[in-house]
Amino acid sequence: MNTLFGRLIGLAFGVWLIRAAGPDWHGVGALGTNLLAAVVVQAGLLLSVPALCVWVFTVGLFWDFATFSPLGHHALVMGVTATLVRTQRGWWVGASWGEQAVGAILAGVGFFAWDRFLHCWEFREWAWPFSLSVALVLAGILNGLVSVPLGLWLNSRAEKVRVRVAGRRR
């Protein structure tokens, strides 16, 4: 898995393993959901549009299948969030670390709000007002804190691969 696409698939699978093997925490403590939002943000920033579509369907449908989600809301949440991030890519690339963290926090809060809304719809459990809850905001902050170092790591790995490939062409 030397490609960026493969690394993002591996990260999403690793996050699923944390969710499956880890404690069953919700809200702020839902580490799997926090990390998944960070990976989705990075996928939206780093992948081309066709690769992003394939990644969203692959990872989203895997998460739906693996979490027994009959509605299929993970692919929808990932697609909406990744598309939103992708539309802001020009701004995001030139932003400082702090601005990128704020963008990731906003994307994370949106991710959690959509996920929570669709989860409540799926199970007919209306826990209002979830979109303004402290748990979603704190989880979004955790997403922002995870997303920036994850993006720096992915970009550094992508640069090393590009340098190796460019070196072989000569």
# chains A, B, ... in the order shown; residues from 1 in each chain; ligands from 1

$ residues_around --residues "Ala82 in chain A" --least-positions-apart "2" --cutoff "8 Å" --atoms "only C-alpha atoms" --output "list in words"
Val40, Val41, Ala43, Gly44, Leu45, Leu52, Met78, Gly79, Val80, Leu84, Val85 and Arg86 of chain A

$ write_last_selection --atoms "N, CA, C and O atoms" --output "PDB file, in the first residue's frame"
ATOM      1  N   VAL A  40     -11.715  10.952   6.782  1.00  0.00           N
ATOM      2  CA  VAL A  40     -12.591  11.454   5.710  1.00  0.00           C
ATOM      3  C   VAL A  40     -12.150  12.853   5.278  1.00  0.00           C
ATOM      4  O   VAL A  40     -12.117  13.160   4.082  1.00  0.00           O
ATOM      5  N   VAL A  41     -11.791  13.706   6.241  1.00  0.00           N
ATOM      6  CA  VAL A  41     -11.305  15.050   5.910  1.00  0.00           C
ATOM      7  C   VAL A  41     -10.061  14.951   5.033  1.00  0.00           C
ATOM      8  O   VAL A  41      -9.948  15.624   4.008  1.00  0.00           O
ATOM      9  N   ALA A  43      -9.099  12.408   3.170  1.00  0.00           N
ATOM     10  CA  ALA A  43      -9.453  11.837   1.860  1.00  0.00           C
ATOM     11  C   ALA A  43     -10.032  12.918   0.955  1.00  0.00           C
ATOM     12  O   ALA A  43      -9.708  12.988  -0.234  1.00  0.00           O
ATOM     13  N   GLY A  44     -10.880  13.772   1.513  1.00  0.00           N
ATOM     14  CA  GLY A  44     -11.453  14.863   0.727  1.00  0.00           C
ATOM     15  C   GLY A  44     -10.414  15.839   0.232  1.00  0.00           C
ATOM     16  O   GLY A  44     -10.540  16.406  -0.854  1.00  0.00           O
ATOM     17  N   LEU A  45      -9.346  16.029   1.004  1.00  0.00           N
ATOM     18  CA  LEU A  45      -8.297  16.964   0.612  1.00  0.00           C
ATOM     19  C   LEU A  45      -7.298  16.365  -0.369  1.00  0.00           C
ATOM     20  O   LEU A  45      -6.789  17.063  -1.240  1.00  0.00           O
ATOM     21  N   LEU A  52     -11.772   9.651  -4.912  1.00  0.00           N
ATOM     22  CA  LEU A  52     -12.569   9.959  -3.723  1.00  0.00           C
ATOM     23  C   LEU A  52     -13.916   9.243  -3.774  1.00  0.00           C
ATOM     24  O   LEU A  52     -14.368   8.696  -2.762  1.00  0.00           O
ATOM     25  N   MET A  78     -20.014  10.112   4.846  1.00  0.00           N
ATOM     26  CA  MET A  78     -18.645  10.282   4.336  1.00  0.00           C
ATOM     27  C   MET A  78     -18.648  11.060   3.031  1.00  0.00           C
ATOM     28  O   MET A  78     -17.798  11.925   2.816  1.00  0.00           O
ATOM     29  N   GLY A  79     -19.583  10.756   2.148  1.00  0.00           N
ATOM     30  CA  GLY A  79     -19.660  11.453   0.868  1.00  0.00           C
ATOM     31  C   GLY A  79     -19.965  12.926   1.019  1.00  0.00           C
ATOM     32  O   GLY A  79     -19.329  13.768   0.376  1.00  0.00           O
ATOM     33  N   VAL A  80     -20.925  13.264   1.881  1.00  0.00           N
ATOM     34  CA  VAL A  80     -21.277  14.670   2.099  1.00  0.00           C
ATOM     35  C   VAL A  80     -20.097  15.421   2.704  1.00  0.00           C
ATOM     36  O   VAL A  80     -19.736  16.512   2.249  1.00  0.00           O
ATOM     37  N   LEU A  84     -17.859  18.321   0.839  1.00  0.00           N
ATOM     38  CA  LEU A  84     -17.758  19.656   1.427  1.00  0.00           C
ATOM     39  C   LEU A  84     -16.296  20.065   1.589  1.00  0.00           C
ATOM     40  O   LEU A  84     -15.909  21.177   1.225  1.00  0.00           O
ATOM     41  N   VAL A  85     -15.484  19.157   2.117  1.00  0.00           N
ATOM     42  CA  VAL A  85     -14.058  19.451   2.289  1.00  0.00           C
ATOM     43  C   VAL A  85     -13.399  19.658   0.932  1.00  0.00           C
ATOM     44  O   VAL A  85     -12.586  20.570   0.754  1.00  0.00           O
ATOM     45  N   ARG A  86     -13.734  18.838  -0.035  1.00  0.00           N
ATOM     46  CA  ARG A  86     -13.150  18.935  -1.381  1.00  0.00           C
ATOM     47  C   ARG A  86     -13.453  20.292  -2.015  1.00  0.00           C
ATOM     48  O   ARG A  86     -12.604  20.864  -2.700  1.00  0.00           O
TER      49      ARG A  86
END

$ closest_residue --among "A:Gly60, A:Thr67, A:Leu138, A:Val77" --to "Phe117 in chain A" --atoms "only C-alpha atoms"
A:Val77

$ closest_residue --among "A:Leu36, A:Gly151, A:Gly90, A:Arg19" --to "Ala139 in chain A" --atoms "only C-alpha atoms"
A:Leu36

$ residues_around --residues "Val148 in chain A" --least-positions-apart "5" --cutoff "7 Å" --atoms "only C-alpha atoms" --output "list in words"
Trp97, Gln100 and Ala101 of chain A

$ write_last_selection --atoms "C-alpha atoms" --output "CSV table (one decimal), in the first residue's frame"
chain,number,residue,atom,x,y,z
A,97,TRP,CA,-2.2,24.8,10.9
A,100,GLN,CA,-6.8,23.9,9.1
A,101,ALA,CA,-7.7,22.6,12.6

$ closest_residue --among "A:Trp91, A:Gly14, A:Ser69, A:Leu61" --to "Leu35 in chain A" --atoms "only C-alpha atoms"
A:Gly14

$ closest_residue --among "A:His74, A:Gly110, A:Leu46, A:Trp16" --to "Leu4 in chain A" --atoms "only C-alpha atoms"
A:Leu46

$ closest_residue --among "A:Leu76, A:Val54, A:Ala66, A:Val59" --to "Asp115 in chain A" --atoms "only C-alpha atoms"
A:Leu76

$ closest_residue --among "A:Ser147, A:Thr58, A:Thr3, A:Ser96" --to "Val39 in chain A" --atoms "only C-alpha atoms"
A:Ser147

$ atom_distance --atom1 "CA of Arg124 in chain A" --atom2 "CA of Phe57 in chain A"
25.0 Å

$ residues_around --residues "Asn143 in chain A" --least-positions-apart "3" --cutoff "8 Å" --atoms "only C-alpha atoms" --output "list in words"
Asn34, Leu35, Ala37, Ala38, Ala104, Ile105, Gly108, Ala139, Gly140, Val146 and Ser147 of chain A

$ select_by_dssp --residues "range 43-149 of chain A" --states "helix (DSSP H, G or I)" --output "PyMOL selection string"
chain A and resi 43-46+49-66+73-87+89-94+97-123+130-132+134-149
